[in-house]
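Only one structure is covered here, and it is reproduced in the block below.
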Amino acid sequence: MGTKDIQVRNVPDPKILNPDDAIVRITSTAICGSDLHLYNGFIPSMEKGDIMGHEFMGEVVEVGRDVKKLKVGDRVVVPFPIACGHCMNCESHLYSVCENSNPNAWMAEKLWGYSPAAIYGYSHMLGGYAGGQAEYARVPYADVGPIKIPDGMPDEQVLFLSDIFPTGYMGADNCNIKRGDTIAVWGCGPVGQFAIKSAFLLGAERVIAIDRFPYRLKMASEQGGAETINYAEVDSVPEALREMTGGRGPDACIDAVGMEAHGMGLIGAYDRAKQAMMLETDRIIALREAILSCRNGGTVSVIGVYGGFVDKFPFGAVVNRSLTIKAGQAHVQHYMKPLLEHIQKGDIDPSFVITHRLNLNDAASGYSTFLNKQDECMKVVLRP
Ligand code: NAD
Ligand code: ZN
Ligand code: ZN
């Protein structure tokens with residue numbers, strides 16, 4: 001309802017608005033690091049009463065007359081970017097930059113030049129669609145996004161196909177990993193954990209994970225098989241990485257931190273008159289370290305979310321050392337099927353990140369526990 005004010009309210013059930021919509025009764029939904037940007041008030045144009053949540057799955061209870069692939073009773077996981085499936089970008093599998101799903105494109109265009117796809121429960125700048133931390137959600141373009149889940153697979157194994165598994169995987173995929181590569185990952189939150197696992201799935205020989213919370217570093221090493229650096233305990237992360245990589249630097253560096261974990265975001269209230277957002281710049285530590293640490297000719301892959309302007313960005317290093325920078329909101333739809341197959345084959349069980357299982361009614365405590373890293377919180381799943 002406002003900054004750091006999550007409330008559970010009775011609201012009218014969503015209805016089919018377009019013939020290609022479906023209504024999903026939600027069985028599991030999760031809180032994401034991206035939700036913290038909203039929770040902290042870093043993203044403009046959330047309005048009182050907006051429904052949060054973009055990681056959700058459930059049962060189809062109603063379909064519009066044009067929906068062909070889904071039927072009532074199907075169990076589905078819903079990808080977080082809302083994508084039409086037939087624009088130029090969707091046809092290139094760049095679903096998170098769909099050209100049709102954001103009716104409020106002007107706001108994003110003012111800030112970013114062009115608008116990306118809309119995201120469930122993620123402000124009016126990104127579509128104003130109701131989110132999935134609810135009992136029911138309306139799912140537009142129902143034949144394009146949701147993936148059907150075979151019987152017998154529990155929610156917890158597949159829920160993260162909605163976002164953080166594909167996101168971590170895209171972060172690693174964008175590194176163009178070759179056998180034997182060393183990949184460094186900043187941030188051992190849920191997204192970082194999946195970036196680590198994915199780097200190994202894609203053939204990395206070593207992954208070095210960086211964070212300051214011992215329980216998060218422990219998960220990265222024990223579950224993920226990564227070597228770790230606690231950035232609070234070393235003088236310089238780039239120096240530590242240089243030492244660990246024979247003086248050359250990691251082949252690729254993944255930023256799975258974003259603006260949130262730096263304890264800041266879009267400074268100041270969003271000013272509709274100025275339409276301007278500024279980021280405090282001196283603290284973009286992870287991204288700067290990633291650029292400065294990467295070996296010559298390597299790739300910096302940014303999946304942490306940045307919202308406004310990032311200044312004092314060491315662009316000289318990018319040019320003079322032939323670095324490639326890749327970034328984006330995850331093109332979830334592109335990755336869901338192959339990653340479901342990885343889960344079915346037993347290559348990975350994504351439920352390893354879940355530390356908290358709460359009733360939807362306890363969402364407010366889930367948000368504060370996750371934000372404050374209380375009780376060794378890694379990932380909160382809510383059940384309506
Ligand atoms: P999180 O906040 O739980 O994790 C961030 C982690 O980064 C924390 O463990 C924190 O201690 C660590 N960190 C902070 N400063 C650091 C530094 N200087 N060096 C190393 N580690 C540092 O959140 P999460 O759910 O893991 O999400 C991480 C980021 O990914 C967020 O910005 C989120 O918005 C973004 N995200 C992006 C996409 C996408 O499609 N690109 C999808 C989901 C989430
Ligand atoms: Zn998310
Ligand atoms: Zn599209």
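How things are named: the first chain in the structure tokens is A, the next is B, and so on; residues count from 1 in each chain; ligands count from 1 in the order shown.
Taking only stretch 33-128 of chain A, the residues that DSSP calls strand (DSSP E) from the backbone come to Glu55, Phe56, Met57, Gly58, Glu59, Val60, Val61, Glu62, Val63, Arg75, Val76, Val77, Val78, Pro81, Ile82, Ala118 and Ile119 of chain A.
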Please build the interface table for chain A against ligand 1 with a cut-off of 7 Å, listing for each qualifying residue the nearest atom pair and the distance in Å to one decimal; count only C-alpha atoms and all ligand atoms, order rows by chain and increasing number, and write it as a Markdown table.
```
| residue | atom | partner | partner_atom_place_in_ligand_line | distance |
| --- | --- | --- | --- | --- |
| A:Cys32 | CA | ligand 1 | 25 (O) | 4.7 |
| A:Gly33 | CA | ligand 1 | 25 (O) | 3.2 |
| A:Ser34 | CA | ligand 1 | 34 (O) | 3.3 |
| A:His37 | CA | ligand 1 | 34 (O) | 6.9 |
| A:Asp163 | CA | ligand 1 | 42 (C) | 5.8 |
| A:Ile164 | CA | ligand 1 | 43 (C) | 5.3 |
| A:Thr167 | CA | ligand 1 | 40 (O) | 5.0 |
| A:Trp186 | CA | ligand 1 | 20 (C) | 4.3 |
| A:Gly187 | CA | ligand 1 | 7 (O) | 3.5 |
| A:Cys188 | CA | ligand 1 | 9 (O) | 4.7 |
| A:Gly189 | CA | ligand 1 | 26 (O) | 3.4 |
| A:Pro190 | CA | ligand 1 | 26 (O) | 4.0 |
| A:Val191 | CA | ligand 1 | 26 (O) | 3.8 |
| A:Gly192 | CA | ligand 1 | 26 (O) | 5.5 |
| A:Ile210 | CA | ligand 1 | 20 (C) | 4.8 |
| A:Asp211 | CA | ligand 1 | 21 (N) | 3.8 |
| A:Arg212 | CA | ligand 1 | 11 (O) | 5.5 |
| A:Phe213 | CA | ligand 1 | 11 (O) | 5.9 |
| A:Arg216 | CA | ligand 1 | 9 (O) | 6.4 |
| A:Tyr231 | CA | ligand 1 | 19 (N) | 6.4 |
| A:Ala256 | CA | ligand 1 | 29 (C) | 4.9 |
| A:Val257 | CA | ligand 1 | 7 (O) | 4.2 |
| A:Gly258 | CA | ligand 1 | 32 (O) | 3.5 |
| A:Met259 | CA | ligand 1 | 32 (O) | 5.7 |
| A:Glu260 | CA | ligand 1 | 32 (O) | 5.6 |
| A:Ala261 | CA | ligand 1 | 14 (C) | 4.3 |
| A:His262 | CA | ligand 1 | 15 (N) | 5.1 |
| A:Ile285 | CA | ligand 1 | 18 (N) | 5.0 |
| A:Ala286 | CA | ligand 1 | 18 (N) | 4.2 |
| A:Ile303 | CA | ligand 1 | 41 (N) | 3.9 |
| A:Gly304 | CA | ligand 1 | 30 (O) | 3.7 |
| A:Val305 | CA | ligand 1 | 32 (O) | 4.0 |
| A:Tyr306 | CA | ligand 1 | 32 (O) | 6.9 |
| A:Gly328 | CA | ligand 1 | 41 (N) | 5.2 |
| A:Gln329 | CA | ligand 1 | 40 (O) | 3.3 |
| A:Ala330 | CA | ligand 1 | 40 (O) | 3.7 |
| A:Met378 | CA | ligand 1 | 3 (O) | 6.6 |
```
Coordinates-based distance that separates atom CA of A:Asn320 from atom CA of A:Ala252 (Å, one decimal)
16.3 Å
Contact residues around stretch 354-370 of chain A with only C-alpha atoms at 9 Å, ignoring same-chain residues under 5 positions, as an mmCIF file with all heavy atoms, in the first residue's frame:
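Saved file out.cif follows:
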```cif
data_model
loop_
_atom_site.group_PDB
_atom_site.id
_atom_site.type_symbol
_atom_site.label_atom_id
_atom_site.label_comp_id
_atom_site.auth_asym_id
_atom_site.auth_seq_id
_atom_site.Cartn_x
_atom_site.Cartn_y
_atom_site.Cartn_z
ATOM 1 N N LYS A 4 7.337 -0.236 1.947
ATOM 2 C CA LYS A 4 7.428 -1.239 3.016
ATOM 3 C C LYS A 4 6.082 -1.497 3.692
ATOM 4 O O LYS A 4 6.023 -1.771 4.886
ATOM 5 C CB LYS A 4 8.491 -0.834 4.046
ATOM 6 C CG LYS A 4 9.865 -0.787 3.420
ATOM 7 C CD LYS A 4 10.982 -1.001 4.406
ATOM 8 C CE LYS A 4 12.304 -1.066 3.691
ATOM 9 N NZ LYS A 4 13.220 -0.019 3.979
ATOM 10 N N ASP A 5 5.012 -1.358 2.946
ATOM 11 C CA ASP A 5 3.691 -1.627 3.508
ATOM 12 C C ASP A 5 2.951 -2.616 2.610
ATOM 13 O O ASP A 5 2.330 -2.239 1.624
ATOM 14 C CB ASP A 5 2.909 -0.309 3.642
ATOM 15 C CG ASP A 5 1.554 -0.509 4.312
ATOM 16 O OD1 ASP A 5 1.296 -1.616 4.815
ATOM 17 O OD2 ASP A 5 0.757 0.449 4.315
ATOM 18 N N ILE A 6 3.078 -3.895 2.965
ATOM 19 C CA ILE A 6 2.383 -4.958 2.231
ATOM 20 C C ILE A 6 1.154 -5.337 3.038
ATOM 21 O O ILE A 6 1.257 -5.579 4.245
ATOM 22 C CB ILE A 6 3.296 -6.204 2.106
ATOM 23 C CG1 ILE A 6 4.566 -5.885 1.325
ATOM 24 C CG2 ILE A 6 2.540 -7.398 1.507
ATOM 25 C CD1 ILE A 6 4.381 -5.704 -0.156
ATOM 26 N N GLN A 7 0.013 -5.370 2.398
ATOM 27 C CA GLN A 7 -1.204 -5.791 3.101
ATOM 28 C C GLN A 7 -1.926 -6.851 2.287
ATOM 29 O O GLN A 7 -1.874 -6.836 1.060
ATOM 30 C CB GLN A 7 -2.134 -4.587 3.296
ATOM 31 C CG GLN A 7 -1.545 -3.544 4.230
ATOM 32 C CD GLN A 7 -2.491 -2.372 4.432
ATOM 33 O OE1 GLN A 7 -3.690 -2.470 4.197
ATOM 34 N NE2 GLN A 7 -1.928 -1.251 4.872
ATOM 35 N N VAL A 8 -2.581 -7.754 3.007
ATOM 36 C CA VAL A 8 -3.372 -8.778 2.325
ATOM 37 C C VAL A 8 -4.837 -8.360 2.448
ATOM 38 O O VAL A 8 -5.342 -8.184 3.547
ATOM 39 C CB VAL A 8 -3.134 -10.164 2.944
ATOM 40 C CG1 VAL A 8 -3.921 -11.225 2.199
ATOM 41 C CG2 VAL A 8 -1.637 -10.502 2.902
ATOM 42 N N ARG A 9 -5.463 -8.165 1.298
ATOM 43 C CA ARG A 9 -6.820 -7.637 1.260
ATOM 44 C C ARG A 9 -7.714 -8.524 0.397
ATOM 45 O O ARG A 9 -7.212 -9.170 -0.526
ATOM 46 C CB ARG A 9 -6.809 -6.242 0.585
ATOM 47 C CG ARG A 9 -6.158 -5.160 1.399
ATOM 48 C CD ARG A 9 -7.190 -4.544 2.329
ATOM 49 N NE ARG A 9 -6.597 -3.529 3.182
ATOM 50 C CZ ARG A 9 -6.562 -2.229 2.881
ATOM 51 N NH1 ARG A 9 -7.058 -1.807 1.736
ATOM 52 N NH2 ARG A 9 -6.040 -1.374 3.721
ATOM 53 N N THR A 29 3.454 -19.047 -5.007
ATOM 54 C CA THR A 29 3.988 -17.791 -5.544
ATOM 55 C C THR A 29 5.175 -17.395 -4.669
ATOM 56 O O THR A 29 5.232 -17.783 -3.501
ATOM 57 C CB THR A 29 2.870 -16.716 -5.597
ATOM 58 O OG1 THR A 29 3.428 -15.467 -5.998
ATOM 59 C CG2 THR A 29 2.168 -16.548 -4.264
ATOM 60 N N ILE A 31 8.440 -14.516 -3.472
ATOM 61 C CA ILE A 31 8.910 -13.125 -3.386
ATOM 62 C C ILE A 31 10.296 -13.075 -4.022
ATOM 63 O O ILE A 31 11.158 -13.897 -3.735
ATOM 64 C CB ILE A 31 8.989 -12.652 -1.917
ATOM 65 C CG1 ILE A 31 7.623 -12.820 -1.233
ATOM 66 C CG2 ILE A 31 9.451 -11.200 -1.855
ATOM 67 C CD1 ILE A 31 7.638 -12.483 0.261
ATOM 68 N N CYS A 32 10.480 -12.085 -4.893
ATOM 69 C CA CYS A 32 11.727 -11.979 -5.665
ATOM 70 C C CYS A 32 12.536 -10.774 -5.186
ATOM 71 O O CYS A 32 11.974 -9.809 -4.673
ATOM 72 C CB CYS A 32 11.364 -11.798 -7.140
ATOM 73 S SG CYS A 32 12.774 -11.608 -8.243
ATOM 74 N N GLY A 33 13.838 -10.831 -5.426
ATOM 75 C CA GLY A 33 14.686 -9.662 -5.168
ATOM 76 C C GLY A 33 14.167 -8.445 -5.921
ATOM 77 O O GLY A 33 14.287 -7.313 -5.453
ATOM 78 N N ASP A 35 11.054 -7.731 -6.349
ATOM 79 C CA ASP A 35 9.943 -7.167 -5.559
ATOM 80 C C ASP A 35 10.467 -6.207 -4.496
ATOM 81 O O ASP A 35 9.757 -5.294 -4.073
ATOM 82 C CB ASP A 35 9.146 -8.288 -4.874
ATOM 83 C CG ASP A 35 8.364 -9.130 -5.865
ATOM 84 O OD1 ASP A 35 7.857 -8.573 -6.850
ATOM 85 O OD2 ASP A 35 8.267 -10.354 -5.643
ATOM 86 N N LEU A 36 11.698 -6.432 -4.068
ATOM 87 C CA LEU A 36 12.263 -5.543 -3.039
ATOM 88 C C LEU A 36 12.452 -4.127 -3.581
ATOM 89 O O LEU A 36 12.374 -3.161 -2.828
ATOM 90 C CB LEU A 36 13.591 -6.097 -2.510
ATOM 91 C CG LEU A 36 13.497 -7.455 -1.799
ATOM 92 C CD1 LEU A 36 14.883 -7.916 -1.341
ATOM 93 C CD2 LEU A 36 12.538 -7.400 -0.615
ATOM 94 N N TYR A 39 9.135 -2.745 -2.985
ATOM 95 C CA TYR A 39 8.925 -2.681 -1.536
ATOM 96 C C TYR A 39 9.656 -1.477 -0.942
ATOM 97 O O TYR A 39 9.149 -0.774 -0.077
ATOM 98 C CB TYR A 39 9.447 -3.986 -0.953
ATOM 99 C CG TYR A 39 9.206 -4.234 0.516
ATOM 100 C CD1 TYR A 39 7.923 -4.279 1.050
ATOM 101 C CD2 TYR A 39 10.286 -4.497 1.365
ATOM 102 C CE1 TYR A 39 7.724 -4.564 2.392
ATOM 103 C CE2 TYR A 39 10.087 -4.786 2.709
ATOM 104 C CZ TYR A 39 8.802 -4.811 3.218
ATOM 105 O OH TYR A 39 8.608 -5.102 4.540
ATOM 106 N N GLN A 133 0.847 -12.564 -6.407
ATOM 107 C CA GLN A 133 0.812 -12.862 -4.970
ATOM 108 C C GLN A 133 -0.638 -12.681 -4.545
ATOM 109 O O GLN A 133 -1.021 -11.692 -3.914
ATOM 110 C CB GLN A 133 1.800 -11.974 -4.202
ATOM 111 C CG GLN A 133 3.247 -12.397 -4.494
ATOM 112 C CD GLN A 133 4.282 -11.366 -4.118
ATOM 113 O OE1 GLN A 133 3.984 -10.365 -3.482
ATOM 114 N NE2 GLN A 133 5.531 -11.601 -4.530
ATOM 115 N N ALA A 134 -1.442 -13.629 -4.957
ATOM 116 C CA ALA A 134 -2.900 -13.520 -4.862
ATOM 117 C C ALA A 134 -3.491 -14.911 -5.005
ATOM 118 O O ALA A 134 -2.764 -15.885 -5.191
ATOM 119 C CB ALA A 134 -3.411 -12.618 -5.990
ATOM 120 N N GLU A 135 -4.817 -14.985 -4.895
ATOM 121 C CA GLU A 135 -5.465 -16.288 -5.093
ATOM 122 C C GLU A 135 -5.669 -16.599 -6.578
ATOM 123 O O GLU A 135 -5.619 -17.746 -6.997
ATOM 124 C CB GLU A 135 -6.812 -16.310 -4.363
ATOM 125 C CG GLU A 135 -6.641 -16.365 -2.847
ATOM 126 C CD GLU A 135 -7.979 -16.379 -2.122
ATOM 127 O OE1 GLU A 135 -8.806 -15.481 -2.381
ATOM 128 O OE2 GLU A 135 -8.179 -17.276 -1.300
ATOM 129 N N GLU A 156 7.122 -26.925 -5.821
ATOM 130 C CA GLU A 156 8.418 -26.358 -5.419
ATOM 131 C C GLU A 156 9.537 -26.684 -6.411
ATOM 132 O O GLU A 156 10.524 -25.962 -6.473
ATOM 133 C CB GLU A 156 8.793 -26.862 -4.017
ATOM 134 C CG GLU A 156 7.852 -26.306 -2.964
ATOM 135 C CD GLU A 156 8.352 -26.518 -1.548
ATOM 136 O OE1 GLU A 156 9.372 -27.211 -1.361
ATOM 137 O OE2 GLU A 156 7.710 -25.976 -0.629
ATOM 138 N N PRO A 190 19.007 -15.600 -4.362
ATOM 139 C CA PRO A 190 18.410 -16.663 -5.171
ATOM 140 C C PRO A 190 18.866 -16.620 -6.635
ATOM 141 O O PRO A 190 19.146 -17.661 -7.232
ATOM 142 C CB PRO A 190 16.912 -16.380 -5.053
ATOM 143 C CG PRO A 190 16.764 -15.618 -3.763
ATOM 144 C CD PRO A 190 18.013 -14.839 -3.579
ATOM 145 N N ASP A 375 16.833 -14.777 9.838
ATOM 146 C CA ASP A 375 16.507 -16.191 9.925
ATOM 147 C C ASP A 375 17.091 -16.946 8.720
ATOM 148 O O ASP A 375 16.481 -17.860 8.194
ATOM 149 C CB ASP A 375 14.946 -16.266 9.947
ATOM 150 C CG ASP A 375 14.429 -17.609 10.370
ATOM 151 O OD1 ASP A 375 15.211 -18.378 10.946
ATOM 152 O OD2 ASP A 375 13.243 -17.891 10.097
ATOM 153 N N GLU A 376 18.282 -16.488 8.271
ATOM 154 C CA GLU A 376 18.970 -17.101 7.122
ATOM 155 C C GLU A 376 18.034 -17.252 5.925
ATOM 156 O O GLU A 376 18.020 -18.276 5.237
ATOM 157 C CB GLU A 376 19.599 -18.437 7.514
ATOM 158 C CG GLU A 376 20.507 -18.288 8.727
ATOM 159 C CD GLU A 376 21.742 -19.169 8.702
ATOM 160 O OE1 GLU A 376 21.676 -20.274 8.128
ATOM 161 O OE2 GLU A 376 22.783 -18.745 9.256
ATOM 162 N N CYS A 377 17.274 -16.212 5.678
ATOM 163 C CA CYS A 377 16.275 -16.285 4.602
ATOM 164 C C CYS A 377 16.935 -16.238 3.229
ATOM 165 O O CYS A 377 17.733 -15.348 2.926
ATOM 166 C CB CYS A 377 15.291 -15.114 4.731
ATOM 167 S SG CYS A 377 13.988 -15.188 3.495
ATOM 168 N N MET A 378 16.581 -17.187 2.370
ATOM 169 C CA MET A 378 17.045 -17.160 0.985
ATOM 170 C C MET A 378 15.863 -16.922 0.057
ATOM 171 O O MET A 378 15.886 -16.006 -0.746
ATOM 172 C CB MET A 378 17.755 -18.479 0.641
ATOM 173 C CG MET A 378 18.275 -18.546 -0.771
ATOM 174 S SD MET A 378 19.599 -17.370 -1.134
ATOM 175 C CE MET A 378 21.006 -18.184 -0.426
ATOM 176 N N LYS A 379 14.831 -17.748 0.170
ATOM 177 C CA LYS A 379 13.703 -17.595 -0.753
ATOM 178 C C LYS A 379 12.409 -17.910 -0.023
ATOM 179 O O LYS A 379 12.300 -18.928 0.662
ATOM 180 C CB LYS A 379 13.880 -18.545 -1.936
ATOM 181 C CG LYS A 379 12.891 -18.322 -3.064
ATOM 182 C CD LYS A 379 13.209 -17.085 -3.901
ATOM 183 C CE LYS A 379 12.220 -16.913 -5.043
ATOM 184 N NZ LYS A 379 12.457 -15.630 -5.760
ATOM 185 N N VAL A 380 11.434 -17.013 -0.180
ATOM 186 C CA VAL A 380 10.137 -17.164 0.481
ATOM 187 C C VAL A 380 9.099 -17.612 -0.545
ATOM 188 O O VAL A 380 8.928 -16.968 -1.576
ATOM 189 C CB VAL A 380 9.676 -15.825 1.095
ATOM 190 C CG1 VAL A 380 8.326 -15.999 1.791
ATOM 191 C CG2 VAL A 380 10.715 -15.275 2.054
ATOM 192 N N VAL A 381 8.423 -18.711 -0.246
ATOM 193 C CA VAL A 381 7.303 -19.156 -1.072
ATOM 194 C C VAL A 381 6.013 -18.939 -0.284
ATOM 195 O O VAL A 381 5.935 -19.273 0.904
ATOM 196 C CB VAL A 381 7.460 -20.639 -1.469
ATOM 197 C CG1 VAL A 381 6.208 -21.153 -2.178
ATOM 198 C CG2 VAL A 381 8.678 -20.806 -2.370
ATOM 199 N N LEU A 382 5.030 -18.338 -0.943
ATOM 200 C CA LEU A 382 3.735 -18.062 -0.307
ATOM 201 C C LEU A 382 2.681 -18.979 -0.903
ATOM 202 O O LEU A 382 2.659 -19.211 -2.112
ATOM 203 C CB LEU A 382 3.325 -16.606 -0.569
ATOM 204 C CG LEU A 382 4.301 -15.526 -0.114
ATOM 205 C CD1 LEU A 382 3.885 -14.176 -0.696
ATOM 206 C CD2 LEU A 382 4.353 -15.447 1.409
ATOM 207 N N ARG A 383 1.812 -19.483 -0.040
ATOM 208 C CA ARG A 383 0.714 -20.339 -0.532
ATOM 209 C C ARG A 383 -0.625 -19.704 -0.172
ATOM 210 O O ARG A 383 -0.915 -19.497 0.988
ATOM 211 C CB ARG A 383 0.800 -21.720 0.104
ATOM 212 C CG ARG A 383 2.044 -22.436 -0.327
ATOM 213 C CD ARG A 383 1.809 -23.925 -0.468
ATOM 214 N NE ARG A 383 3.042 -24.554 -0.891
ATOM 215 C CZ ARG A 383 3.995 -24.949 -0.051
ATOM 216 N NH1 ARG A 383 3.851 -24.805 1.249
ATOM 217 N NH2 ARG A 383 5.098 -25.488 -0.517
ATOM 218 N N PRO A 384 -1.400 -19.388 -1.191
ATOM 219 C CA PRO A 384 -2.722 -18.804 -0.913
ATOM 220 C C PRO A 384 -3.601 -19.812 -0.168
ATOM 221 O O PRO A 384 -3.479 -21.000 -0.389
ATOM 222 C CB PRO A 384 -3.299 -18.535 -2.303
ATOM 223 C CG PRO A 384 -2.139 -18.562 -3.229
ATOM 224 C CD PRO A 384 -1.135 -19.471 -2.632
#
```
Between A:Val72, A:Val332, A:Met46, A:Ala209, smallest distance to ligand 2 by only C-alpha atoms and all ligand atoms belongs to A:Val332
Which one is closest to ligand 3: A:Ile82, A:Val76, A:Cys253, A:Leu201? Count only C-alpha atoms and all ligand atoms.
A:Ile82
Long-range neighbours of stretch 335-350 of chain A as an MDAnalysis selection string, 9 Å cut-off, only C-alpha atoms, 3 positions minimum in chain
chainID A and resid 79 147 149 153 156:162 165:167 169:170 194 197 201 330:332 353:354
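Nearest to ligand 2 of all the residues A:Gly121, A:Ser115, A:Leu371, A:His86 is A:Gly121, based on only C-alpha atoms and all ligand atoms.
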Within 8 Å of ligand 3, counting only C-alpha atoms and all ligand atoms: which residues, as a list in words?
Ala83, Cys84, Gly85, His86, Cys87, Met88, Asn89, Cys90, Glu91, Tyr95, Val97, Cys98, Glu99, Asn100, Ser101 and Ala117 of chain A
List the spatial neighbours of stretch 59-62 of chain A as a tab-separated table (two decimals) with N, CA, C and O atoms, in the first residue's frame - criterion: any atom at most 6 Å away, only C-alpha atoms, same-chain residues fewer than 5 positions off excluded.
```tsv
chain	number	residue	atom	x	y	z
A	22	ALA	N	-6.28	-16.22	-19.84
A	22	ALA	CA	-6.70	-17.33	-18.98
A	22	ALA	C	-6.72	-16.81	-17.55
A	22	ALA	O	-6.04	-15.84	-17.21
A	23	ILE	N	-7.52	-17.47	-16.71
A	23	ILE	CA	-7.49	-17.16	-15.28
A	23	ILE	C	-6.84	-18.36	-14.58
A	23	ILE	O	-7.21	-19.51	-14.83
A	24	VAL	N	-5.86	-18.06	-13.74
A	24	VAL	CA	-5.14	-19.11	-13.02
A	24	VAL	C	-5.42	-18.99	-11.53
A	24	VAL	O	-5.33	-17.88	-10.97
A	25	ARG	N	-5.77	-20.13	-10.91
A	25	ARG	CA	-5.89	-20.17	-9.45
A	25	ARG	C	-4.51	-20.51	-8.92
A	25	ARG	O	-3.95	-21.55	-9.23
A	72	VAL	N	-9.07	-25.85	-18.95
A	72	VAL	CA	-9.37	-25.81	-17.52
A	72	VAL	C	-8.81	-27.07	-16.86
A	72	VAL	O	-8.94	-28.17	-17.41
A	73	GLY	N	-8.13	-26.88	-15.74
A	73	GLY	CA	-7.55	-28.02	-15.03
A	73	GLY	C	-6.05	-28.18	-15.27
A	73	GLY	O	-5.38	-28.85	-14.48
A	74	ASP	N	-5.51	-27.56	-16.35
A	74	ASP	CA	-4.06	-27.67	-16.57
A	74	ASP	C	-3.30	-26.99	-15.44
A	74	ASP	O	-3.70	-25.93	-14.95
A	75	ARG	N	-2.16	-27.59	-15.08
A	75	ARG	CA	-1.26	-26.93	-14.10
A	75	ARG	C	-0.19	-26.20	-14.89
A	75	ARG	O	0.47	-26.80	-15.74
```
Quick check, in Å to one decimal: how far apart do atom CA of A:Gly127 and atom CA of A:Ala108 lie?
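Those two atoms sit 9.6 Å apart.
Counting only C-alpha atoms, the residue from A:Gly2, A:Pro44, A:Gly131, A:Gly249 that sits nearest to A:Ile26 is A:Gly131.
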Residues near A:Val237, anyone? I mean within 12 Å using only C-alpha atoms, not counting same-chain ones fewer than 2 positions away, as number ranges by chain.
A: 184-186, 208-212, 228-235, 239-244, 249-250, 285-294
Selected residue, from A:Tyr120, A:Tyr114, A:Trp106, A:Phe200, that lies nearest to ligand 2 when counting only C-alpha atoms and all ligand atoms:
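Among the listed residues, the smallest separation from ligand 2 belongs to A:Tyr120.
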Interatomic distance (Å, one decimal) between atom CA of A:Ala199 and atom CA of A:Lys326
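So the answer is 15.3 Å.
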Test item: residues at most 9 Å from A:Val67, only C-alpha atoms, excluding those fewer than 6 positions along its chain, as a PyMOL selection string
chain A and resi 19-22+141-143
With distances taken over only C-alpha atoms, which residue among A:Lys71, A:Ala105, A:His54, A:Ser92 lies nearest A:Ile119?
A:His54
Return as a ChimeraX atom specification the full set of residues in stretch 125-372 of chain A whose backbone-based DSSP assignment is helix (DSSP H, G or I).
/A:155-162,164-173,190-201,214-222,231-233,237-244,260-262,285-293,315-320,332-345,350-353,360-371
